[in-house]
>>> print(open('data27.cif').read())   # mmCIF, C-alpha atoms, pLDDT in the B column; chains and numbers go by the auth columns
data_final
loop_
_atom_site.group_PDB
_atom_site.id
_atom_site.type_symbol
_atom_site.label_atom_id
_atom_site.label_comp_id
_atom_site.label_asym_id
_atom_site.label_seq_id
_atom_site.Cartn_x
_atom_site.Cartn_y
_atom_site.Cartn_z
_atom_site.B_iso_or_equiv
_atom_site.auth_seq_id
_atom_site.auth_asym_id
ATOM 1 C CA GLY A 1 10.826 -11.244 14.143 57.00 1 P
ATOM 2 C CA ALA A 2 12.216 -8.465 11.999 83.00 2 P
ATOM 3 C CA GLY A 3 9.876 -6.727 9.624 93.00 3 P
ATOM 4 C CA VAL A 4 10.593 -5.092 6.286 96.00 4 P
ATOM 5 C CA SER A 5 13.305 -2.479 6.565 96.00 5 P
ATOM 6 C CA GLN A 6 14.145 0.337 4.174 97.00 6 P
ATOM 7 C CA THR A 7 17.176 2.575 3.989 97.00 7 P
ATOM 8 C CA PRO A 8 17.647 5.451 4.050 97.00 8 P
ATOM 9 C CA SER A 9 14.549 6.719 5.841 96.00 9 P
ATOM 10 C CA ASN A 10 15.020 10.121 4.233 97.00 10 P
ATOM 11 C CA LYS A 11 16.939 11.132 1.126 98.00 11 P
ATOM 12 C CA VAL A 12 17.382 14.672 -0.141 98.00 12 P
ATOM 13 C CA THR A 13 19.010 15.081 -3.520 98.00 13 P
ATOM 14 C CA GLU A 14 19.363 17.628 -6.271 97.00 14 P
ATOM 15 C CA LYS A 15 17.626 17.509 -9.614 97.00 15 P
ATOM 16 C CA GLY A 16 19.590 15.406 -12.068 97.00 16 P
ATOM 17 C CA LYS A 17 21.327 13.239 -9.479 98.00 17 P
ATOM 18 C CA TYR A 18 21.199 9.438 -9.185 98.00 18 P
ATOM 19 C CA VAL A 19 19.714 7.751 -6.095 98.00 19 P
ATOM 20 C CA GLU A 20 19.444 4.219 -4.774 98.00 20 P
ATOM 21 C CA LEU A 21 16.821 3.079 -2.291 98.00 21 P
ATOM 22 C CA ARG A 22 17.250 -0.210 -0.463 98.00 22 P
ATOM 23 C CA CYS A 23 14.698 -2.721 0.814 98.00 23 P
ATOM 24 C CA ASP A 24 15.323 -5.691 3.127 97.00 24 P
ATOM 25 C CA PRO A 25 12.264 -7.980 3.044 97.00 25 P
ATOM 26 C CA ILE A 26 11.115 -10.398 5.694 96.00 26 P
ATOM 27 C CA SER A 27 13.313 -13.477 5.637 94.00 27 P
ATOM 28 C CA GLY A 28 11.826 -16.249 3.513 92.00 28 P
ATOM 29 C CA HIS A 29 9.422 -14.007 1.599 93.00 29 P
ATOM 30 C CA THR A 30 9.775 -14.720 -2.105 93.00 30 P
ATOM 31 C CA ALA A 31 7.633 -11.816 -3.327 93.00 31 P
ATOM 32 C CA LEU A 32 8.803 -8.194 -3.083 95.00 32 P
ATOM 33 C CA TYR A 33 6.971 -5.075 -4.228 96.00 33 P
ATOM 34 C CA TRP A 34 7.797 -1.399 -4.672 98.00 34 P
ATOM 35 C CA TYR A 35 5.128 1.297 -4.447 98.00 35 P
ATOM 36 C CA ARG A 36 5.266 5.091 -4.556 98.00 36 P
ATOM 37 C CA GLN A 37 3.050 7.290 -2.402 96.00 37 P
ATOM 38 C CA SER A 38 2.695 10.961 -3.253 94.00 38 P
ATOM 39 C CA LEU A 39 1.355 13.416 -0.704 90.00 39 P
ATOM 40 C CA GLY A 40 -2.352 12.936 -0.073 87.00 40 P
ATOM 41 C CA GLN A 41 -2.668 9.893 -2.319 91.00 41 P
ATOM 42 C CA GLY A 42 -2.752 6.141 -2.004 94.00 42 P
ATOM 43 C CA PRO A 43 0.312 4.064 -2.848 97.00 43 P
ATOM 44 C CA GLU A 44 0.852 3.312 -6.535 97.00 44 P
ATOM 45 C CA PHE A 45 2.415 0.085 -7.753 96.00 45 P
ATOM 46 C CA LEU A 46 5.821 0.264 -9.388 97.00 46 P
ATOM 47 C CA ILE A 47 7.314 -3.224 -9.715 96.00 47 P
ATOM 48 C CA TYR A 48 6.942 -6.754 -8.349 94.00 48 P
ATOM 49 C CA PHE A 49 9.613 -9.444 -7.946 94.00 49 P
ATOM 50 C CA GLN A 50 9.019 -13.149 -7.523 91.00 50 P
ATOM 51 C CA GLY A 51 12.412 -14.458 -6.482 90.00 51 P
ATOM 52 C CA THR A 52 15.128 -12.750 -8.481 91.00 52 P
ATOM 53 C CA GLY A 53 13.060 -11.864 -11.522 90.00 53 P
ATOM 54 C CA ALA A 54 10.773 -8.901 -12.117 89.00 54 P
ATOM 55 C CA ALA A 55 7.374 -10.537 -12.624 88.00 55 P
ATOM 56 C CA ASP A 56 5.624 -7.235 -13.361 92.00 56 P
ATOM 57 C CA ASP A 57 7.302 -3.869 -13.967 93.00 57 P
ATOM 58 C CA SER A 58 4.296 -2.204 -15.555 93.00 58 P
ATOM 59 C CA GLY A 59 4.142 0.517 -12.914 94.00 59 P
ATOM 60 C CA LEU A 60 7.592 1.991 -13.513 96.00 60 P
ATOM 61 C CA PRO A 61 6.881 5.484 -14.858 96.00 61 P
ATOM 62 C CA ASN A 62 9.759 5.649 -17.350 95.00 62 P
ATOM 63 C CA ASP A 63 13.203 4.281 -18.115 96.00 63 P
ATOM 64 C CA ARG A 64 14.834 6.426 -15.427 97.00 64 P
ATOM 65 C CA PHE A 65 13.504 3.952 -12.893 98.00 65 P
ATOM 66 C CA PHE A 66 15.063 0.521 -12.489 96.00 66 P
ATOM 67 C CA ALA A 67 15.014 -2.109 -9.732 97.00 67 P
ATOM 68 C CA VAL A 68 17.035 -5.228 -9.032 96.00 68 P
ATOM 69 C CA ARG A 69 16.908 -8.173 -6.657 96.00 69 P
ATOM 70 C CA PRO A 70 19.993 -10.174 -7.607 94.00 70 P
ATOM 71 C CA GLU A 71 19.914 -12.835 -4.884 92.00 71 P
ATOM 72 C CA GLY A 72 16.192 -13.001 -4.299 89.00 72 P
ATOM 73 C CA SER A 73 16.340 -11.111 -1.014 94.00 73 P
ATOM 74 C CA VAL A 74 17.438 -7.472 -0.806 97.00 74 P
ATOM 75 C CA SER A 75 16.164 -5.170 -3.532 98.00 75 P
ATOM 76 C CA THR A 76 17.419 -1.798 -4.744 98.00 76 P
ATOM 77 C CA LEU A 77 15.302 0.775 -6.551 98.00 77 P
ATOM 78 C CA LYS A 78 17.447 3.015 -8.716 98.00 78 P
ATOM 79 C CA ILE A 79 16.400 6.387 -10.090 98.00 79 P
ATOM 80 C CA GLN A 80 18.557 8.169 -12.654 98.00 80 P
ATOM 81 C CA ARG A 81 18.489 11.885 -13.482 98.00 81 P
ATOM 82 C CA THR A 82 16.036 12.628 -10.703 98.00 82 P
ATOM 83 C CA GLU A 83 13.298 15.186 -11.276 97.00 83 P
ATOM 84 C CA ARG A 84 11.315 17.209 -8.765 97.00 84 P
ATOM 85 C CA GLY A 85 8.247 15.162 -9.639 96.00 85 P
ATOM 86 C CA ASP A 86 9.993 12.050 -8.287 97.00 86 P
ATOM 87 C CA SER A 87 9.613 13.434 -4.753 97.00 87 P
ATOM 88 C CA ALA A 88 7.448 10.972 -2.814 97.00 88 P
ATOM 89 C CA VAL A 89 7.577 8.227 -0.213 97.00 89 P
ATOM 90 C CA TYR A 90 8.819 4.992 -1.731 98.00 90 P
ATOM 91 C CA LEU A 91 7.345 1.935 -0.025 97.00 91 P
ATOM 92 C CA CYS A 92 8.600 -1.626 -0.123 97.00 92 P
ATOM 93 C CA ALA A 93 6.505 -4.663 0.815 96.00 93 P
ATOM 94 C CA SER A 94 7.088 -8.393 0.919 95.00 94 P
ATOM 95 C CA SER A 95 4.878 -11.467 1.105 93.00 95 P
ATOM 96 C CA PRO A 96 5.279 -15.254 1.152 90.00 96 P
ATOM 97 C CA GLY A 97 4.346 -15.308 -2.540 79.00 97 P
ATOM 98 C CA THR A 98 0.907 -16.941 -2.669 78.00 98 P
ATOM 99 C CA GLN A 99 -2.139 -15.291 -4.257 75.00 99 P
ATOM 100 C CA GLY A 100 -4.076 -13.191 -1.783 77.00 100 P
ATOM 101 C CA ASP A 101 -1.252 -13.049 0.754 84.00 101 P
ATOM 102 C CA GLU A 102 -0.972 -10.082 3.061 89.00 102 P
ATOM 103 C CA GLN A 103 1.793 -7.745 1.972 93.00 103 P
ATOM 104 C CA PHE A 104 3.975 -6.517 4.838 95.00 104 P
ATOM 105 C CA PHE A 105 5.114 -2.944 4.343 96.00 105 P
ATOM 106 C CA GLY A 106 8.276 -1.213 5.392 95.00 106 P
ATOM 107 C CA PRO A 107 8.319 2.321 6.848 94.00 107 P
ATOM 108 C CA GLY A 108 9.252 3.860 3.502 96.00 108 P
ATOM 109 C CA THR A 109 11.965 6.153 2.183 97.00 109 P
ATOM 110 C CA ARG A 110 10.983 9.798 1.822 97.00 110 P
ATOM 111 C CA LEU A 111 12.715 11.140 -1.286 98.00 111 P
ATOM 112 C CA THR A 112 12.939 14.885 -1.802 98.00 112 P
ATOM 113 C CA VAL A 113 14.354 16.215 -5.056 98.00 113 P
ATOM 114 C CA LEU A 114 15.329 19.873 -4.845 96.00 114 P
ATOM 115 C CA ALA B 1 -8.055 -3.569 -15.062 80.00 1 K
ATOM 116 C CA GLN B 2 -8.772 -3.142 -11.396 87.00 2 K
ATOM 117 C CA SER B 3 -9.562 0.038 -9.494 91.00 3 K
ATOM 118 C CA VAL B 4 -10.726 1.230 -6.088 95.00 4 K
ATOM 119 C CA THR B 5 -12.805 4.237 -5.123 96.00 5 K
ATOM 120 C CA GLN B 6 -12.995 5.460 -1.544 97.00 6 K
ATOM 121 C CA LEU B 7 -15.824 7.900 -0.966 92.00 7 K
ATOM 122 C CA GLY B 8 -14.790 10.756 1.294 91.00 8 K
ATOM 123 C CA SER B 9 -11.187 11.761 1.700 94.00 9 K
ATOM 124 C CA HIS B 10 -11.884 12.924 5.263 95.00 10 K
ATOM 125 C CA VAL B 11 -14.292 11.582 7.879 96.00 11 K
ATOM 126 C CA SER B 12 -14.896 13.086 11.302 97.00 12 K
ATOM 127 C CA VAL B 13 -16.552 10.994 14.026 97.00 13 K
ATOM 128 C CA SER B 14 -17.176 11.464 17.712 97.00 14 K
ATOM 129 C CA GLU B 15 -15.547 9.118 20.180 97.00 15 K
ATOM 130 C CA GLY B 16 -17.931 6.206 20.751 97.00 16 K
ATOM 131 C CA ALA B 17 -19.786 6.719 17.452 97.00 17 K
ATOM 132 C CA LEU B 18 -19.956 4.364 14.490 97.00 18 K
ATOM 133 C CA VAL B 19 -17.109 4.495 12.013 97.00 19 K
ATOM 134 C CA LEU B 20 -18.105 3.772 8.387 97.00 20 K
ATOM 135 C CA LEU B 21 -15.571 4.029 5.578 98.00 21 K
ATOM 136 C CA ARG B 22 -16.783 3.300 2.063 97.00 22 K
ATOM 137 C CA CYS B 23 -14.907 1.369 -0.596 97.00 23 K
ATOM 138 C CA ASN B 24 -16.074 0.314 -4.057 96.00 24 K
ATOM 139 C CA TYR B 25 -13.935 -1.715 -6.385 94.00 25 K
ATOM 140 C CA SER B 26 -13.780 -2.707 -10.011 90.00 26 K
ATOM 141 C CA SER B 27 -12.287 -6.017 -11.055 82.00 27 K
ATOM 142 C CA SER B 28 -12.883 -8.258 -14.030 75.00 28 K
ATOM 143 C CA VAL B 29 -12.311 -11.376 -11.935 77.00 29 K
ATOM 144 C CA PRO B 30 -13.106 -12.310 -8.320 78.00 30 K
ATOM 145 C CA PRO B 31 -10.939 -10.017 -6.247 85.00 31 K
ATOM 146 C CA TYR B 32 -8.955 -10.152 -3.071 91.00 32 K
ATOM 147 C CA LEU B 33 -9.772 -7.099 -0.967 93.00 33 K
ATOM 148 C CA PHE B 34 -7.815 -5.470 1.808 95.00 34 K
ATOM 149 C CA TRP B 35 -8.043 -2.623 4.284 97.00 35 K
ATOM 150 C CA TYR B 36 -4.787 -1.116 5.501 97.00 36 K
ATOM 151 C CA VAL B 37 -4.289 1.576 8.146 97.00 37 K
ATOM 152 C CA GLN B 38 -1.494 4.128 8.228 94.00 38 K
ATOM 153 C CA TYR B 39 -0.805 5.914 11.492 91.00 39 K
ATOM 154 C CA PRO B 40 1.182 9.159 11.380 85.00 40 K
ATOM 155 C CA ASN B 41 4.839 8.540 10.510 80.00 41 K
ATOM 156 C CA GLN B 42 4.311 4.774 10.411 85.00 42 K
ATOM 157 C CA GLY B 43 4.090 2.115 7.720 87.00 43 K
ATOM 158 C CA LEU B 44 0.941 0.518 6.355 94.00 44 K
ATOM 159 C CA GLN B 45 -0.570 -2.141 8.606 95.00 45 K
ATOM 160 C CA LEU B 46 -3.155 -4.708 7.534 95.00 46 K
ATOM 161 C CA LEU B 47 -6.544 -4.396 9.252 96.00 47 K
ATOM 162 C CA LEU B 48 -8.302 -7.230 7.450 95.00 48 K
ATOM 163 C CA LYS B 49 -8.598 -9.035 4.133 93.00 49 K
ATOM 164 C CA TYR B 50 -11.189 -10.879 2.040 91.00 50 K
ATOM 165 C CA THR B 51 -10.017 -13.833 -0.018 85.00 51 K
ATOM 166 C CA SER B 52 -13.286 -15.596 -1.024 77.00 52 K
ATOM 167 C CA ALA B 53 -14.108 -17.214 2.296 75.00 53 K
ATOM 168 C CA ALA B 54 -16.720 -15.639 4.591 84.00 54 K
ATOM 169 C CA THR B 55 -18.169 -12.402 3.233 88.00 55 K
ATOM 170 C CA LEU B 56 -18.104 -10.747 6.660 94.00 56 K
ATOM 171 C CA VAL B 57 -14.493 -10.334 7.661 94.00 57 K
ATOM 172 C CA LYS B 58 -13.317 -9.420 11.140 95.00 58 K
ATOM 173 C CA GLY B 59 -10.023 -7.665 11.626 94.00 59 K
ATOM 174 C CA ILE B 60 -7.876 -6.161 14.313 94.00 60 K
ATOM 175 C CA ASN B 61 -8.877 -3.374 16.701 93.00 61 K
ATOM 176 C CA GLY B 62 -12.612 -4.143 16.405 96.00 62 K
ATOM 177 C CA PHE B 63 -12.915 -3.389 12.695 97.00 63 K
ATOM 178 C CA GLU B 64 -14.897 -5.487 10.250 97.00 64 K
ATOM 179 C CA ALA B 65 -15.861 -5.314 6.589 97.00 65 K
ATOM 180 C CA GLU B 66 -18.487 -6.970 4.437 94.00 66 K
ATOM 181 C CA PHE B 67 -17.892 -8.072 0.869 93.00 67 K
ATOM 182 C CA LYS B 68 -20.976 -7.411 -1.283 92.00 68 K
ATOM 183 C CA LYS B 69 -20.462 -8.681 -4.807 89.00 69 K
ATOM 184 C CA SER B 70 -23.741 -7.247 -6.124 90.00 70 K
ATOM 185 C CA GLU B 71 -22.704 -3.774 -4.981 92.00 71 K
ATOM 186 C CA THR B 72 -18.970 -4.232 -5.686 93.00 72 K
ATOM 187 C CA SER B 73 -18.364 -2.857 -2.213 95.00 73 K
ATOM 188 C CA PHE B 74 -16.163 -3.639 0.771 96.00 74 K
ATOM 189 C CA HIS B 75 -17.096 -1.033 3.379 97.00 75 K
ATOM 190 C CA LEU B 76 -15.195 -0.895 6.680 98.00 76 K
ATOM 191 C CA THR B 77 -17.004 -0.410 9.981 97.00 77 K
ATOM 192 C CA LYS B 78 -16.312 -0.171 13.688 97.00 78 K
ATOM 193 C CA PRO B 79 -19.214 0.137 16.139 97.00 79 K
ATOM 194 C CA SER B 80 -17.529 2.533 18.552 97.00 80 K
ATOM 195 C CA ALA B 81 -14.686 4.883 17.604 97.00 81 K
ATOM 196 C CA HIS B 82 -11.718 5.344 19.889 96.00 82 K
ATOM 197 C CA MET B 83 -9.276 8.222 19.876 96.00 83 K
ATOM 198 C CA SER B 84 -6.556 5.796 18.793 95.00 84 K
ATOM 199 C CA ASP B 85 -8.470 5.130 15.539 96.00 85 K
ATOM 200 C CA ALA B 86 -7.370 8.496 14.156 96.00 86 K
ATOM 201 C CA ALA B 87 -5.344 7.542 11.099 96.00 87 K
ATOM 202 C CA GLU B 88 -5.554 7.181 7.327 96.00 88 K
ATOM 203 C CA TYR B 89 -7.294 4.117 5.943 98.00 89 K
ATOM 204 C CA PHE B 90 -6.693 2.580 2.536 98.00 90 K
ATOM 205 C CA CYS B 91 -8.820 0.057 0.664 97.00 91 K
ATOM 206 C CA ALA B 92 -6.952 -2.087 -1.865 96.00 92 K
ATOM 207 C CA VAL B 93 -7.708 -4.791 -4.414 93.00 93 K
ATOM 208 C CA SER B 94 -5.655 -7.494 -6.061 90.00 94 K
ATOM 209 C CA SER B 95 -6.589 -10.416 -8.285 81.00 95 K
ATOM 210 C CA PRO B 96 -4.936 -13.411 -9.907 76.00 96 K
ATOM 211 C CA ALA B 97 -5.352 -11.762 -13.304 75.00 97 K
ATOM 212 C CA ALA B 98 -3.276 -8.792 -12.131 74.00 98 K
ATOM 213 C CA GLY B 99 -0.670 -10.838 -10.346 73.00 99 K
ATOM 214 C CA ASN B 100 -0.325 -9.949 -6.703 82.00 100 K
ATOM 215 C CA LYS B 101 -0.004 -6.205 -7.085 90.00 101 K
ATOM 216 C CA LEU B 102 -2.254 -4.078 -4.926 94.00 102 K
ATOM 217 C CA THR B 103 -4.291 -1.232 -6.390 95.00 103 K
ATOM 218 C CA PHE B 104 -5.120 1.262 -3.660 96.00 104 K
ATOM 219 C CA GLY B 105 -7.860 3.810 -3.251 96.00 105 K
ATOM 220 C CA GLY B 106 -7.008 7.394 -2.446 96.00 106 K
ATOM 221 C CA GLY B 107 -7.429 6.909 1.281 97.00 107 K
ATOM 222 C CA THR B 108 -9.768 8.277 3.951 97.00 108 K
ATOM 223 C CA ARG B 109 -8.388 10.256 6.838 97.00 109 K
ATOM 224 C CA VAL B 110 -10.333 9.690 10.062 97.00 110 K
ATOM 225 C CA LEU B 111 -10.506 12.347 12.759 97.00 111 K
ATOM 226 C CA VAL B 112 -11.949 11.314 16.121 97.00 112 K
ATOM 227 C CA LYS B 113 -13.453 14.076 18.251 96.00 113 K
ATOM 228 C CA PRO B 114 -13.601 13.711 22.028 94.00 114 K
#
>>> encode(input="data27.cif", output="structure tokens")
Amino acid sequence: GAGVSQTPSNKVTEKGKYVELRCDPISGHTALYWYRQSLGQGPEFLIYFQGTGAADDSGLPNDRFFAVRPEGSVSTLKIQRTERGDSAVYLCASSPGTQGDEQFFGPGTRLTVL
Amino acid sequence: AQSVTQLGSHVSVSEGALVLLRCNYSSSVPPYLFWYVQYPNQGLQLLLKYTSAATLVKGINGFEAEFKKSETSFHLTKPSAHMSDAAEYFCAVSSPAAGNKLTFGGGTRVLVKP
């Protein structure tokens, strides 16, 4: 079956611009997560959805970052007024939604802010 | 709060030799523990997970890990390294108290020498 997909695979933008990153989870998975991975580091948690609602957004670095999941499936991570420090690989994962479940990761979107 | 420490950002092993990757965690409640592998230009893939069943966990590709509560460790081993094991390995922890979010270590890059 299809895994988690993310689009675009690469995004280059200029400082100050707005970007949207999309995640299509595995069908039927109620939980969806966003992580950010900077070069040479492990992924860092950003936000977690259970269904349509954000169950935990404690990892969002500031109010320039926002994510939605309006129908409980596809999610969009939105970054306003991008900064060079936002450059990273943004990873999306989904799981069935039970404690201790494996999270299935997408290939990531590499964001470069010039 | 939960955290993960991976000792050694780089490990070099000879083909056929033992692979040992160290992971220590901190969690205020019984944790779920995971090892993920990331091959070059690919997404994170689950190797194995501990969710309070057997303390010795067997995963894919001949890897296994042992949960030791007294040492707060979850070290990953493979008896005989193969060239295809060259990748980056991440230890991660989650717990019911922290929702389902994963907290990752910084990763260990494994180089396999012929």
>>> interface_residues(input="data27.cif", of="chain P", to="chain K", cutoff="8 Å", atoms="all atoms listed in the file", output="list of chain:residue names")
P:Tyr33, P:Gly40, P:Gln41, P:Gly42, P:Pro43, P:Glu44, P:Phe45, P:Tyr48, P:Asp56, P:Gln99, P:Gly100, P:Glu102, P:Phe104, P:Phe105, P:Gly106, P:Pro107, P:Gly108
>>> write_last_selection(input="data27.cif", atoms="C-alpha atoms", output="compact mmCIF listing (two decimals), keeping the file's coordinate frame")
# COMPACT_ATOMS: atom_id res chain seq x y z
CA TYR P 33 6.97 -5.08 -4.23
CA GLY P 40 -2.35 12.94 -0.07
CA GLN P 41 -2.67 9.89 -2.32
CA GLY P 42 -2.75 6.14 -2.00
CA PRO P 43 0.31 4.06 -2.85
CA GLU P 44 0.85 3.31 -6.54
CA PHE P 45 2.42 0.08 -7.75
CA TYR P 48 6.94 -6.75 -8.35
CA ASP P 56 5.62 -7.24 -13.36
CA GLN P 99 -2.14 -15.29 -4.26
CA GLY P 100 -4.08 -13.19 -1.78
CA GLU P 102 -0.97 -10.08 3.06
CA PHE P 104 3.98 -6.52 4.84
CA PHE P 105 5.11 -2.94 4.34
CA GLY P 106 8.28 -1.21 5.39
CA PRO P 107 8.32 2.32 6.85
CA GLY P 108 9.25 3.86 3.50
>>> atom_distance(input="data27.cif", atom1="atom CA of K:His10", atom2="atom CA of K:Tyr25")
18.8 Å
>>> resolve_selection(input="data27.cif", expression="the PyMOL selection byres ((chain P and resi 64-71) around 10)", output="JSON, numbers by chain")
{"P": [18, 19, 20, 21, 22, 23, 32, 34, 46, 47, 48, 49, 50, 51, 52, 53, 54, 57, 59, 60, 61, 62, 63, 72, 73, 74, 75, 76, 77, 78, 79, 80, 81, 82, 83, 86]}
>>> atom_distance(input="data27.cif", atom1="atom CA of K:Glu71", atom2="atom CA of K:Leu21")
14.9 Å
>>> atom_distance(input="data27.cif", atom1="atom CA of K:Leu18", atom2="atom CA of K:His82")
9.9 Å
>>> residues_near_point(input="data27.cif", point="(-11.4, 6.9, 16.4)", cutoff="8 Å", atoms="all atoms listed in the file", output="ChimeraX atom specification")
/K:13-16,19,80-86,110-113
>>> resolve_selection(input="data27.cif", expression="the PyMOL selection byres ((chain K and resi 24) around 8)", output="PDB file with C-alpha atoms, in the coordinates of the input")
ATOM      1  CA  VAL K   4     -10.726   1.230  -6.088  1.00 95.00           C
ATOM      2  CA  THR K   5     -12.805   4.237  -5.123  1.00 96.00           C
ATOM      3  CA  GLN K   6     -12.995   5.460  -1.544  1.00 97.00           C
ATOM      4  CA  ARG K  22     -16.783   3.300   2.063  1.00 97.00           C
ATOM      5  CA  CYS K  23     -14.907   1.369  -0.596  1.00 97.00           C
ATOM      6  CA  TYR K  25     -13.935  -1.715  -6.385  1.00 94.00           C
ATOM      7  CA  SER K  26     -13.780  -2.707 -10.011  1.00 90.00           C
ATOM      8  CA  GLU K  71     -22.704  -3.774  -4.981  1.00 92.00           C
ATOM      9  CA  THR K  72     -18.970  -4.232  -5.686  1.00 93.00           C
ATOM     10  CA  SER K  73     -18.364  -2.857  -2.213  1.00 95.00           C
ATOM     11  CA  PHE K  74     -16.163  -3.639   0.771  1.00 96.00           C
ATOM     12  CA  HIS K  75     -17.096  -1.033   3.379  1.00 97.00           C
TER      13      HIS K  75
END
>>> closest_residue(input="data27.cif", among="P:Ile26, P:Leu39, P:Leu111, P:Ala88", to="P:Thr7", atoms="all atoms listed in the file")
P:Leu111
>>> resolve_selection(input="data27.cif", expression="the PyMOL selection byres ((chain K and resi 54) around 12)", output="CSV table (one decimal) with C-alpha atoms, keeping the file's coordinate frame")
chain,number,residue,atom,x,y,z
K,49,LYS,CA,-8.6,-9.0,4.1
K,50,TYR,CA,-11.2,-10.9,2.0
K,51,THR,CA,-10.0,-13.8,0.0
K,52,SER,CA,-13.3,-15.6,-1.0
K,53,ALA,CA,-14.1,-17.2,2.3
K,55,THR,CA,-18.2,-12.4,3.2
K,56,LEU,CA,-18.1,-10.7,6.7
K,57,VAL,CA,-14.5,-10.3,7.7
K,58,LYS,CA,-13.3,-9.4,11.1
K,64,GLU,CA,-14.9,-5.5,10.2
K,65,ALA,CA,-15.9,-5.3,6.6
K,66,GLU,CA,-18.5,-7.0,4.4
K,67,PHE,CA,-17.9,-8.1,0.9
K,68,LYS,CA,-21.0,-7.4,-1.3
>>> residues_around(input="data27.cif", residues="stretch 94-98 of chain P", least_positions_apart="2", cutoff="6 Å", atoms="only C-alpha atoms", output="list in words")
Pro25, His29, Thr30, Ala31, Leu32, Asp101, Gln103 and Phe104 of chain P
>>> closest_residue(input="data27.cif", among="P:Gly28, P:Arg84, P:Leu91, P:Ser38", to="P:Val12", atoms="only C-alpha atoms")
P:Arg84
